[in-house]
$ cat entry-v8.cif   # mmCIF, N, CA and C atoms
data_entry
#
loop_
_atom_site.label_atom_id
_atom_site.label_comp_id
_atom_site.auth_asym_id
_atom_site.auth_seq_id
_atom_site.Cartn_x
_atom_site.Cartn_y
_atom_site.Cartn_z
N MET X 537 91.39 81.12 93.21
CA MET X 537 91.31 81.75 94.52
C MET X 537 92.27 82.93 94.55
N SER X 538 91.80 84.04 94.99
CA SER X 538 92.59 85.26 95.02
C SER X 538 92.97 85.58 96.46
N ILE X 539 94.22 85.95 96.64
CA ILE X 539 94.73 86.30 97.97
C ILE X 539 95.07 87.78 97.96
N THR X 540 94.69 88.49 98.97
CA THR X 540 95.06 89.89 99.09
C THR X 540 96.40 89.96 99.79
N ILE X 541 97.38 90.53 99.12
CA ILE X 541 98.71 90.68 99.70
C ILE X 541 98.67 91.91 100.61
N PRO X 542 99.04 91.78 101.89
CA PRO X 542 98.84 92.84 102.87
C PRO X 542 99.40 94.21 102.48
N ASP X 543 100.62 94.30 101.97
CA ASP X 543 101.18 95.62 101.69
C ASP X 543 101.21 95.93 100.20
N GLY X 544 100.49 95.16 99.39
CA GLY X 544 100.39 95.44 97.97
C GLY X 544 101.55 94.91 97.13
N GLN X 545 102.54 94.32 97.74
CA GLN X 545 103.67 93.78 97.00
C GLN X 545 103.60 92.26 97.00
N ALA X 546 103.94 91.68 95.85
CA ALA X 546 103.95 90.22 95.76
C ALA X 546 105.05 89.67 96.66
N ARG X 547 104.72 88.67 97.42
CA ARG X 547 105.69 88.00 98.29
C ARG X 547 106.45 86.96 97.48
N HIS X 548 107.71 86.77 97.87
CA HIS X 548 108.55 85.73 97.26
C HIS X 548 108.36 84.43 98.03
N ILE X 549 108.14 83.36 97.30
CA ILE X 549 108.05 82.04 97.92
C ILE X 549 109.04 81.13 97.23
N LEU X 550 109.85 80.45 98.02
CA LEU X 550 110.79 79.45 97.51
C LEU X 550 110.14 78.09 97.60
N VAL X 551 110.01 77.42 96.46
CA VAL X 551 109.44 76.07 96.39
C VAL X 551 110.59 75.10 96.17
N VAL X 552 110.74 74.16 97.10
CA VAL X 552 111.81 73.17 97.02
C VAL X 552 111.20 71.78 96.93
N ASP X 553 111.39 71.13 95.79
CA ASP X 553 110.86 69.78 95.59
C ASP X 553 111.65 69.13 94.47
N ASP X 554 112.00 67.86 94.63
CA ASP X 554 112.75 67.18 93.58
C ASP X 554 111.86 66.70 92.44
N SER X 555 110.56 66.77 92.59
CA SER X 555 109.63 66.40 91.53
C SER X 555 109.32 67.63 90.67
N GLU X 556 109.67 67.55 89.40
CA GLU X 556 109.39 68.65 88.49
C GLU X 556 107.89 68.92 88.41
N ASP X 557 107.09 67.85 88.40
CA ASP X 557 105.64 68.01 88.36
C ASP X 557 105.12 68.77 89.57
N MET X 558 105.64 68.46 90.74
CA MET X 558 105.21 69.15 91.96
C MET X 558 105.66 70.61 91.94
N ARG X 559 106.90 70.86 91.50
CA ARG X 559 107.36 72.25 91.39
C ARG X 559 106.46 73.04 90.45
N ASP X 560 106.13 72.44 89.29
CA ASP X 560 105.27 73.11 88.31
C ASP X 560 103.89 73.39 88.90
N LEU X 561 103.31 72.40 89.57
CA LEU X 561 101.99 72.56 90.18
C LEU X 561 102.00 73.70 91.20
N LEU X 562 102.96 73.68 92.10
CA LEU X 562 103.04 74.70 93.13
C LEU X 562 103.32 76.08 92.54
N GLN X 563 104.17 76.13 91.53
CA GLN X 563 104.46 77.41 90.90
C GLN X 563 103.21 78.01 90.27
N ARG X 564 102.47 77.21 89.51
CA ARG X 564 101.23 77.71 88.89
C ARG X 564 100.23 78.17 89.94
N LEU X 565 100.04 77.34 90.96
CA LEU X 565 99.09 77.65 92.03
C LEU X 565 99.45 78.96 92.72
N LEU X 566 100.70 79.12 93.09
CA LEU X 566 101.14 80.30 93.83
C LEU X 566 101.16 81.55 92.97
N GLU X 567 101.59 81.41 91.73
CA GLU X 567 101.62 82.58 90.84
C GLU X 567 100.20 83.07 90.55
N ARG X 568 99.25 82.14 90.38
CA ARG X 568 97.86 82.54 90.17
C ARG X 568 97.31 83.29 91.39
N ALA X 569 97.84 82.98 92.56
CA ALA X 569 97.42 83.64 93.79
C ALA X 569 98.16 84.97 94.01
N GLY X 570 99.07 85.31 93.10
CA GLY X 570 99.74 86.60 93.18
C GLY X 570 101.13 86.60 93.78
N TYR X 571 101.69 85.43 94.04
CA TYR X 571 103.02 85.33 94.63
C TYR X 571 104.08 85.23 93.54
N ARG X 572 105.29 85.65 93.87
CA ARG X 572 106.44 85.42 93.00
C ARG X 572 107.13 84.17 93.51
N VAL X 573 107.50 83.29 92.58
CA VAL X 573 108.00 81.97 92.96
C VAL X 573 109.42 81.76 92.45
N VAL X 574 110.25 81.20 93.32
CA VAL X 574 111.59 80.77 93.00
C VAL X 574 111.62 79.27 93.25
N LEU X 575 112.30 78.52 92.38
CA LEU X 575 112.30 77.06 92.47
C LEU X 575 113.68 76.50 92.78
N ALA X 576 113.68 75.36 93.48
CA ALA X 576 114.90 74.59 93.73
C ALA X 576 114.54 73.11 93.72
N ALA X 577 115.42 72.30 93.15
CA ALA X 577 115.15 70.86 93.00
C ALA X 577 115.81 70.01 94.08
N ASP X 578 116.66 70.61 94.92
CA ASP X 578 117.30 69.84 95.98
C ASP X 578 117.67 70.77 97.13
N GLY X 579 118.11 70.16 98.21
CA GLY X 579 118.41 70.94 99.41
C GLY X 579 119.53 71.94 99.23
N GLN X 580 120.58 71.55 98.54
CA GLN X 580 121.71 72.46 98.33
C GLN X 580 121.27 73.67 97.49
N ALA X 581 120.50 73.41 96.44
CA ALA X 581 119.99 74.51 95.60
C ALA X 581 119.06 75.41 96.41
N SER X 582 118.33 74.84 97.37
CA SER X 582 117.43 75.67 98.18
C SER X 582 118.22 76.69 98.99
N LEU X 583 119.38 76.31 99.49
CA LEU X 583 120.20 77.25 100.26
C LEU X 583 120.72 78.37 99.36
N THR X 584 121.14 78.00 98.16
CA THR X 584 121.63 79.00 97.20
C THR X 584 120.51 79.95 96.80
N GLN X 585 119.35 79.41 96.46
CA GLN X 585 118.22 80.25 96.05
C GLN X 585 117.75 81.14 97.20
N ALA X 586 117.77 80.62 98.40
CA ALA X 586 117.35 81.42 99.56
C ALA X 586 118.30 82.61 99.74
N ARG X 587 119.59 82.37 99.64
CA ARG X 587 120.56 83.47 99.79
C ARG X 587 120.39 84.51 98.68
N LEU X 588 120.12 84.05 97.47
CA LEU X 588 119.98 84.97 96.32
C LEU X 588 118.69 85.77 96.35
N HIS X 589 117.57 85.14 96.74
CA HIS X 589 116.26 85.75 96.58
C HIS X 589 115.57 86.17 97.88
N HIS X 590 116.11 85.76 99.02
CA HIS X 590 115.53 86.13 100.33
C HIS X 590 114.01 85.96 100.35
N PRO X 591 113.52 84.72 100.21
CA PRO X 591 112.07 84.51 100.16
C PRO X 591 111.39 84.87 101.48
N ASP X 592 110.11 85.22 101.34
CA ASP X 592 109.30 85.53 102.51
C ASP X 592 108.75 84.27 103.16
N LEU X 593 108.77 83.15 102.41
CA LEU X 593 108.25 81.87 102.89
C LEU X 593 108.88 80.77 102.05
N VAL X 594 109.05 79.60 102.65
CA VAL X 594 109.63 78.45 101.95
C VAL X 594 108.67 77.26 102.05
N LEU X 595 108.42 76.61 100.91
CA LEU X 595 107.72 75.32 100.89
C LEU X 595 108.79 74.27 100.65
N MET X 596 109.02 73.39 101.61
CA MET X 596 110.15 72.46 101.57
C MET X 596 109.71 71.01 101.58
N ASP X 597 110.04 70.29 100.49
CA ASP X 597 109.90 68.84 100.52
C ASP X 597 111.00 68.32 101.45
N LEU X 598 110.79 67.19 102.07
CA LEU X 598 111.80 66.67 102.99
C LEU X 598 112.68 65.59 102.38
N SER X 599 112.15 64.84 101.42
CA SER X 599 112.94 63.81 100.75
C SER X 599 113.56 64.41 99.50
N LEU X 600 114.81 64.81 99.63
CA LEU X 600 115.51 65.47 98.53
C LEU X 600 116.86 64.80 98.30
N PRO X 601 117.35 64.86 97.07
CA PRO X 601 118.69 64.33 96.81
C PRO X 601 119.76 65.23 97.45
N ASP X 602 120.92 64.69 97.61
CA ASP X 602 122.07 65.40 98.19
C ASP X 602 121.77 65.81 99.63
N LEU X 603 121.35 67.03 99.83
CA LEU X 603 121.02 67.55 101.16
C LEU X 603 119.52 67.43 101.35
N ASP X 604 119.07 66.60 102.31
CA ASP X 604 117.61 66.42 102.44
C ASP X 604 116.96 67.65 103.07
N GLY X 605 115.64 67.67 103.06
CA GLY X 605 114.90 68.83 103.53
C GLY X 605 115.11 69.12 105.00
N TRP X 606 115.21 68.10 105.81
CA TRP X 606 115.44 68.31 107.24
C TRP X 606 116.76 69.07 107.45
N GLU X 607 117.82 68.63 106.75
CA GLU X 607 119.12 69.29 106.87
C GLU X 607 119.08 70.70 106.29
N ALA X 608 118.40 70.87 105.15
CA ALA X 608 118.31 72.19 104.52
C ALA X 608 117.62 73.18 105.46
N VAL X 609 116.54 72.75 106.09
CA VAL X 609 115.83 73.62 107.05
C VAL X 609 116.76 73.98 108.20
N SER X 610 117.48 73.00 108.73
CA SER X 610 118.42 73.27 109.83
C SER X 610 119.46 74.30 109.42
N HIS X 611 119.99 74.18 108.20
CA HIS X 611 120.97 75.15 107.69
C HIS X 611 120.34 76.54 107.56
N LEU X 612 119.13 76.60 107.02
CA LEU X 612 118.46 77.90 106.88
C LEU X 612 118.25 78.56 108.24
N ARG X 613 117.84 77.79 109.22
CA ARG X 613 117.56 78.34 110.56
C ARG X 613 118.83 78.86 111.24
N LYS X 614 119.99 78.39 110.83
CA LYS X 614 121.25 78.89 111.40
C LYS X 614 121.65 80.24 110.83
N MET X 615 121.04 80.63 109.69
CA MET X 615 121.34 81.92 109.07
C MET X 615 120.43 82.97 109.69
N PRO X 616 120.98 84.07 110.17
CA PRO X 616 120.17 85.09 110.85
C PRO X 616 118.96 85.56 110.03
N GLU X 617 119.13 85.71 108.74
CA GLU X 617 118.03 86.24 107.92
C GLU X 617 116.88 85.26 107.73
N PHE X 618 117.06 84.00 108.12
CA PHE X 618 116.00 82.99 107.95
C PHE X 618 115.54 82.38 109.28
N ARG X 619 115.95 82.95 110.37
CA ARG X 619 115.56 82.39 111.68
C ARG X 619 114.06 82.40 111.91
N THR X 620 113.37 83.40 111.36
CA THR X 620 111.92 83.50 111.59
C THR X 620 111.11 83.35 110.31
N THR X 621 111.75 83.09 109.18
CA THR X 621 111.03 82.90 107.92
C THR X 621 110.13 81.68 108.03
N PRO X 622 108.85 81.80 107.69
CA PRO X 622 107.98 80.63 107.72
C PRO X 622 108.47 79.55 106.74
N ILE X 623 108.58 78.34 107.22
CA ILE X 623 108.96 77.20 106.39
C ILE X 623 107.90 76.13 106.58
N ILE X 624 107.26 75.77 105.47
CA ILE X 624 106.23 74.73 105.50
C ILE X 624 106.80 73.46 104.89
N ALA X 625 106.81 72.39 105.67
CA ALA X 625 107.18 71.09 105.12
C ALA X 625 105.99 70.59 104.31
N VAL X 626 106.20 70.39 103.01
CA VAL X 626 105.16 69.85 102.13
C VAL X 626 105.71 68.51 101.67
N THR X 627 105.19 67.43 102.26
CA THR X 627 105.90 66.17 102.13
C THR X 627 104.97 64.96 102.23
N ALA X 628 105.44 63.85 101.69
CA ALA X 628 104.72 62.59 101.83
C ALA X 628 105.03 61.94 103.18
N HIS X 629 105.95 62.49 103.93
CA HIS X 629 106.27 62.00 105.28
C HIS X 629 105.19 62.53 106.22
N VAL X 630 104.16 61.74 106.43
CA VAL X 630 102.98 62.24 107.14
C VAL X 630 102.74 61.61 108.51
N SER X 631 103.60 60.72 108.95
CA SER X 631 103.39 60.13 110.26
C SER X 631 103.60 61.20 111.33
N PRO X 632 102.99 61.03 112.49
CA PRO X 632 103.19 62.00 113.57
C PRO X 632 104.66 62.17 113.94
N GLN X 633 105.43 61.08 113.91
CA GLN X 633 106.85 61.17 114.25
C GLN X 633 107.61 62.01 113.22
N GLU X 634 107.26 61.85 111.94
CA GLU X 634 107.96 62.63 110.91
C GLU X 634 107.54 64.09 110.95
N ALA X 635 106.28 64.36 111.29
CA ALA X 635 105.83 65.74 111.46
C ALA X 635 106.58 66.39 112.62
N GLU X 636 106.74 65.67 113.73
CA GLU X 636 107.50 66.18 114.87
C GLU X 636 108.95 66.43 114.49
N ARG X 637 109.52 65.52 113.70
CA ARG X 637 110.91 65.68 113.24
C ARG X 637 111.05 66.94 112.38
N ALA X 638 110.06 67.20 111.51
CA ALA X 638 110.09 68.40 110.67
C ALA X 638 110.04 69.66 111.54
N LEU X 639 109.16 69.66 112.53
CA LEU X 639 109.07 70.81 113.43
C LEU X 639 110.34 70.98 114.24
N ALA X 640 110.92 69.88 114.68
CA ALA X 640 112.16 69.93 115.45
C ALA X 640 113.31 70.47 114.60
N ALA X 641 113.29 70.19 113.29
CA ALA X 641 114.34 70.68 112.40
C ALA X 641 114.19 72.18 112.16
N GLY X 642 113.00 72.73 112.43
CA GLY X 642 112.81 74.16 112.26
C GLY X 642 111.65 74.55 111.37
N CYS X 643 110.89 73.57 110.87
CA CYS X 643 109.72 73.91 110.06
C CYS X 643 108.67 74.58 110.94
N THR X 644 107.95 75.51 110.35
CA THR X 644 106.89 76.22 111.06
C THR X 644 105.65 75.35 111.19
N THR X 645 105.37 74.61 110.12
CA THR X 645 104.23 73.70 110.10
C THR X 645 104.50 72.60 109.08
N HIS X 646 103.57 71.67 108.98
CA HIS X 646 103.74 70.46 108.19
C HIS X 646 102.44 70.20 107.43
N ILE X 647 102.55 70.03 106.11
CA ILE X 647 101.39 69.68 105.29
C ILE X 647 101.72 68.42 104.51
N GLY X 648 100.87 67.41 104.62
CA GLY X 648 101.12 66.14 103.94
C GLY X 648 100.67 66.16 102.49
N LYS X 649 101.37 65.40 101.68
CA LYS X 649 100.98 65.17 100.29
C LYS X 649 100.15 63.90 100.25
N PRO X 650 99.14 63.84 99.43
CA PRO X 650 98.59 64.93 98.64
C PRO X 650 97.91 65.95 99.54
N PHE X 651 97.80 67.18 99.07
CA PHE X 651 97.23 68.25 99.88
C PHE X 651 96.09 68.92 99.14
N ASP X 652 95.25 69.58 99.90
CA ASP X 652 94.16 70.39 99.35
C ASP X 652 94.76 71.75 98.99
N THR X 653 94.67 72.13 97.72
CA THR X 653 95.31 73.37 97.27
C THR X 653 94.77 74.61 97.98
N ARG X 654 93.48 74.63 98.21
CA ARG X 654 92.87 75.78 98.90
C ARG X 654 93.41 75.89 100.33
N ALA X 655 93.51 74.75 101.01
CA ALA X 655 94.04 74.75 102.38
C ALA X 655 95.51 75.19 102.40
N LEU X 656 96.29 74.73 101.42
CA LEU X 656 97.69 75.14 101.34
C LEU X 656 97.78 76.66 101.17
N LEU X 657 96.99 77.22 100.26
CA LEU X 657 97.02 78.67 100.04
C LEU X 657 96.60 79.44 101.30
N GLN X 658 95.65 78.90 102.03
CA GLN X 658 95.22 79.56 103.28
C GLN X 658 96.35 79.57 104.31
N VAL X 659 97.08 78.46 104.42
CA VAL X 659 98.20 78.39 105.37
C VAL X 659 99.30 79.36 104.93
N VAL X 660 99.61 79.39 103.64
CA VAL X 660 100.62 80.31 103.12
C VAL X 660 100.23 81.75 103.45
N ALA X 661 99.00 82.13 103.13
CA ALA X 661 98.54 83.50 103.38
C ALA X 661 98.60 83.84 104.86
N ARG X 662 98.15 82.92 105.69
CA ARG X 662 98.15 83.16 107.15
C ARG X 662 99.57 83.36 107.67
N LEU X 663 100.49 82.51 107.24
CA LEU X 663 101.87 82.62 107.73
C LEU X 663 102.54 83.89 107.23
N LEU X 664 102.21 84.31 106.02
CA LEU X 664 102.79 85.56 105.50
C LEU X 664 102.26 86.76 106.25
N VAL X 665 100.98 86.75 106.61
CA VAL X 665 100.42 87.85 107.39
C VAL X 665 101.06 87.87 108.78
N GLU X 666 101.18 86.70 109.40
CA GLU X 666 101.80 86.61 110.72
C GLU X 666 103.26 87.04 110.63
N GLY X 667 103.94 86.59 109.57
CA GLY X 667 105.34 86.95 109.36
C GLY X 667 105.51 88.44 109.12
N SER X 668 104.53 89.06 108.47
CA SER X 668 104.61 90.51 108.22
C SER X 668 104.63 91.28 109.52
N SER X 669 103.85 90.83 110.49
CA SER X 669 103.81 91.55 111.76
C SER X 669 105.08 91.29 112.57
N THR X 670 105.70 90.12 112.44
CA THR X 670 106.92 89.85 113.20
C THR X 670 108.16 90.37 112.51
N HIS X 671 108.09 90.55 111.16
CA HIS X 671 109.25 91.05 110.42
C HIS X 671 109.18 92.55 110.19
N GLY X 672 108.10 93.17 110.61
CA GLY X 672 107.96 94.60 110.43
C GLY X 672 107.71 94.99 108.98
N LEU X 673 107.12 94.11 108.18
CA LEU X 673 106.87 94.43 106.78
C LEU X 673 105.63 95.26 106.61
#
$ encode --input "entry-v8.cif" --output "structure tokens"
Amino acid sequence: MSITIPDGQARHILVVDDSEDMRDLLQRLLERAGYRVVLAADGQASLTQARLHHPDLVLMDLSLPDLDGWEAVSHLRKMPEFRTTPIIAVTAHVSPQEAERALAAGCTTHIGKPFDTRALLQVVARLLVEGSSTHGL
């Protein structure tokens, strides 16, 4: 599946997941769609990678070692440069209460695992286009 990047530049996406297999899957999927991908295996590393690479969008697992995804999202939202960055919770926590908790922590939306790859790419593309208009990109 090919995605047209609105301004011709590849967008940076930060993928945060403690599963190496999931990071690899998401990296391959996103890179094939034309995105540049940065990886983090835990919540603390996600904060470091976000500060270093200033991603246009974050895919965040919620069950992470050390600093969990809910806390990592809360920390990101406190930083001015990430207040409006789209953050998608990509997680096995799929109950309505956990989805509400993810949104309350600052996630833009919630996608349960396992997920449909085409649907995930559509949500990523939509949020990046919406983010482009709000970020002036």
$ closest_residue --input "entry-v8.cif" --among "X:Leu657, X:Gly570, X:Met596, X:Leu583" --to "Asp554 (chain X)" --atoms "only N, CA and C atoms"
X:Met596
$ residues_around --input "entry-v8.cif" --residues "region 649-655 of chain X" --least-positions-apart "3" --cutoff "7 Å" --atoms "all atoms listed in the file" --output "list in words"
Val626, Thr627, Ala628, His629, Val630, Gln658, Val659 and Val660 of chain X
$ residues_around --input "entry-v8.cif" --residues "Trp606 (chain X)" --least-positions-apart "5" --cutoff "6.5 Å" --atoms "only N, CA and C atoms" --output "list in words"
Asp597, Leu598, Ser599, His611, Ala638 and Ala641 of chain X
$ select_by_dssp --input "entry-v8.cif" --residues "chain X" --states "strand (DSSP E)" --output "list of chain:residue names"
X:His548, X:Ile549, X:Leu550, X:Val551, X:Val552, X:Arg572, X:Val573, X:Val574, X:Leu575, X:Ala576, X:Leu593, X:Val594, X:Leu595, X:Met596, X:Ile623, X:Ile624, X:Ala625, X:Val626, X:Thr627, X:Thr645, X:His646, X:Ile647, X:Gly648
$ resolve_selection --input "entry-v8.cif" --expression "the PyMOL selection byres ((chain X and resi 580) around 7)" --output "VMD selection string"
chain X and resid 577 to 579 581 to 585 601 to 604 608
$ atom_distance --input "entry-v8.cif" --atom1 "CA of Ala576 (chain X)" --atom2 "CA of Leu550 (chain X)"
7.4 Å
$ resolve_selection --input "entry-v8.cif" --expression "the PyMOL selection byres ((chain X and resi 595) around 7)" --output "ChimeraX atom specification"
/X:549-553,593-594,596-597,622-626
$ resolve_selection --input "entry-v8.cif" --expression "the PyMOL selection byres ((chain X and resi 547) around 6)" --output "list in words"
Gln545, Ala546, His548, Ile549, Gly570, Tyr571, Arg572 and Asp592 of chain X
$ build_atoms --input "entry-v8.cif" --residues "region 605-616 of chain X" --atoms "all heavy atoms" --output "PDB file, keeping the file's coordinate frame"
ATOM      1  N   GLY X 605     115.640  67.670 103.060  1.00  0.00           N
ATOM      2  CA  GLY X 605     114.900  68.830 103.530  1.00  0.00           C
ATOM      3  C   GLY X 605     115.110  69.120 105.000  1.00  0.00           C
ATOM      4  O   GLY X 605     115.160  70.289 105.400  1.00  0.00           O
ATOM      5  N   TRP X 606     115.210  68.100 105.810  1.00  0.00           N
ATOM      6  CA  TRP X 606     115.440  68.310 107.240  1.00  0.00           C
ATOM      7  C   TRP X 606     116.760  69.070 107.450  1.00  0.00           C
ATOM      8  O   TRP X 606     116.810  70.027 108.217  1.00  0.00           O
ATOM      9  CB  TRP X 606     115.479  66.989 108.007  1.00  0.00           C
ATOM     10  CG  TRP X 606     114.158  66.312 108.146  1.00  0.00           C
ATOM     11  CD1 TRP X 606     113.135  66.670 108.987  1.00  0.00           C
ATOM     12  CD2 TRP X 606     113.696  65.162 107.430  1.00  0.00           C
ATOM     13  NE1 TRP X 606     112.078  65.804 108.837  1.00  0.00           N
ATOM     14  CE2 TRP X 606     112.395  64.868 107.900  1.00  0.00           C
ATOM     15  CE3 TRP X 606     114.258  64.347 106.459  1.00  0.00           C
ATOM     16  CZ2 TRP X 606     111.651  63.803 107.419  1.00  0.00           C
ATOM     17  CZ3 TRP X 606     113.512  63.289 105.964  1.00  0.00           C
ATOM     18  CH2 TRP X 606     112.217  63.021 106.448  1.00  0.00           C
ATOM     19  N   GLU X 607     117.820  68.630 106.750  1.00  0.00           N
ATOM     20  CA  GLU X 607     119.120  69.290 106.870  1.00  0.00           C
ATOM     21  C   GLU X 607     119.080  70.700 106.290  1.00  0.00           C
ATOM     22  O   GLU X 607     119.650  71.637 106.859  1.00  0.00           O
ATOM     23  CB  GLU X 607     120.193  68.482 106.151  1.00  0.00           C
ATOM     24  CG  GLU X 607     120.500  67.151 106.801  1.00  0.00           C
ATOM     25  CD  GLU X 607     121.466  66.345 105.956  1.00  0.00           C
ATOM     26  OE1 GLU X 607     122.693  66.543 106.149  1.00  0.00           O
ATOM     27  OE2 GLU X 607     121.012  65.565 105.104  1.00  0.00           O
ATOM     28  N   ALA X 608     118.400  70.870 105.150  1.00  0.00           N
ATOM     29  CA  ALA X 608     118.310  72.190 104.520  1.00  0.00           C
ATOM     30  C   ALA X 608     117.620  73.180 105.460  1.00  0.00           C
ATOM     31  O   ALA X 608     118.069  74.326 105.610  1.00  0.00           O
ATOM     32  CB  ALA X 608     117.572  72.095 103.187  1.00  0.00           C
ATOM     33  N   VAL X 609     116.540  72.750 106.090  1.00  0.00           N
ATOM     34  CA  VAL X 609     115.830  73.620 107.050  1.00  0.00           C
ATOM     35  C   VAL X 609     116.760  73.980 108.200  1.00  0.00           C
ATOM     36  O   VAL X 609     116.832  75.142 108.616  1.00  0.00           O
ATOM     37  CB  VAL X 609     114.537  72.953 107.557  1.00  0.00           C
ATOM     38  CG1 VAL X 609     113.939  73.723 108.720  1.00  0.00           C
ATOM     39  CG2 VAL X 609     113.526  72.824 106.419  1.00  0.00           C
ATOM     40  N   SER X 610     117.480  73.000 108.730  1.00  0.00           N
ATOM     41  CA  SER X 610     118.420  73.270 109.830  1.00  0.00           C
ATOM     42  C   SER X 610     119.460  74.300 109.420  1.00  0.00           C
ATOM     43  O   SER X 610     119.778  75.217 110.188  1.00  0.00           O
ATOM     44  CB  SER X 610     119.108  71.984 110.270  1.00  0.00           C
ATOM     45  OG  SER X 610     118.174  71.128 110.878  1.00  0.00           O
ATOM     46  N   HIS X 611     119.990  74.180 108.200  1.00  0.00           N
ATOM     47  CA  HIS X 611     120.970  75.150 107.690  1.00  0.00           C
ATOM     48  C   HIS X 611     120.340  76.540 107.560  1.00  0.00           C
ATOM     49  O   HIS X 611     120.964  77.537 107.931  1.00  0.00           O
ATOM     50  CB  HIS X 611     121.537  74.714 106.342  1.00  0.00           C
ATOM     51  CG  HIS X 611     122.528  73.596 106.433  1.00  0.00           C
ATOM     52  ND1 HIS X 611     123.762  73.729 107.036  1.00  0.00           N
ATOM     53  CD2 HIS X 611     122.468  72.327 105.979  1.00  0.00           C
ATOM     54  CE1 HIS X 611     124.413  72.586 106.963  1.00  0.00           C
ATOM     55  NE2 HIS X 611     123.643  71.710 106.329  1.00  0.00           N
ATOM     56  N   LEU X 612     119.130  76.600 107.020  1.00  0.00           N
ATOM     57  CA  LEU X 612     118.460  77.900 106.880  1.00  0.00           C
ATOM     58  C   LEU X 612     118.250  78.560 108.240  1.00  0.00           C
ATOM     59  O   LEU X 612     118.472  79.763 108.402  1.00  0.00           O
ATOM     60  CB  LEU X 612     117.102  77.733 106.180  1.00  0.00           C
ATOM     61  CG  LEU X 612     117.145  77.492 104.679  1.00  0.00           C
ATOM     62  CD1 LEU X 612     115.754  77.121 104.163  1.00  0.00           C
ATOM     63  CD2 LEU X 612     117.697  78.698 103.940  1.00  0.00           C
ATOM     64  N   ARG X 613     117.840  77.790 109.220  1.00  0.00           N
ATOM     65  CA  ARG X 613     117.560  78.340 110.560  1.00  0.00           C
ATOM     66  C   ARG X 613     118.830  78.860 111.240  1.00  0.00           C
ATOM     67  O   ARG X 613     118.743  79.702 112.136  1.00  0.00           O
ATOM     68  CB  ARG X 613     116.879  77.300 111.442  1.00  0.00           C
ATOM     69  CG  ARG X 613     115.457  77.008 111.022  1.00  0.00           C
ATOM     70  CD  ARG X 613     114.593  78.249 111.108  1.00  0.00           C
ATOM     71  NE  ARG X 613     113.185  77.932 110.895  1.00  0.00           N
ATOM     72  CZ  ARG X 613     112.334  78.742 110.316  1.00  0.00           C
ATOM     73  NH1 ARG X 613     112.710  79.936 109.906  1.00  0.00           N
ATOM     74  NH2 ARG X 613     111.070  78.375 110.154  1.00  0.00           N
ATOM     75  N   LYS X 614     119.990  78.390 110.830  1.00  0.00           N
ATOM     76  CA  LYS X 614     121.250  78.890 111.400  1.00  0.00           C
ATOM     77  C   LYS X 614     121.650  80.240 110.830  1.00  0.00           C
ATOM     78  O   LYS X 614     122.504  80.929 111.388  1.00  0.00           O
ATOM     79  CB  LYS X 614     122.364  77.870 111.177  1.00  0.00           C
ATOM     80  CG  LYS X 614     122.179  76.612 112.007  1.00  0.00           C
ATOM     81  CD  LYS X 614     123.223  75.584 111.692  1.00  0.00           C
ATOM     82  CE  LYS X 614     122.905  74.287 112.432  1.00  0.00           C
ATOM     83  NZ  LYS X 614     123.733  73.170 111.967  1.00  0.00           N
ATOM     84  N   MET X 615     121.040  80.630 109.690  1.00  0.00           N
ATOM     85  CA  MET X 615     121.340  81.920 109.070  1.00  0.00           C
ATOM     86  C   MET X 615     120.430  82.970 109.690  1.00  0.00           C
ATOM     87  O   MET X 615     119.208  82.796 109.715  1.00  0.00           O
ATOM     88  CB  MET X 615     121.108  81.841 107.564  1.00  0.00           C
ATOM     89  CG  MET X 615     122.034  80.900 106.843  1.00  0.00           C
ATOM     90  SD  MET X 615     121.670  80.951 105.064  1.00  0.00           S
ATOM     91  CE  MET X 615     121.645  79.199 104.704  1.00  0.00           C
ATOM     92  N   PRO X 616     120.980  84.070 110.170  1.00  0.00           N
ATOM     93  CA  PRO X 616     120.170  85.090 110.850  1.00  0.00           C
ATOM     94  C   PRO X 616     118.960  85.560 110.030  1.00  0.00           C
ATOM     95  O   PRO X 616     117.888  85.771 110.589  1.00  0.00           O
ATOM     96  CB  PRO X 616     121.153  86.242 111.092  1.00  0.00           C
ATOM     97  CG  PRO X 616     122.498  85.597 111.083  1.00  0.00           C
ATOM     98  CD  PRO X 616     122.398  84.427 110.150  1.00  0.00           C
TER      99      PRO X 616
END
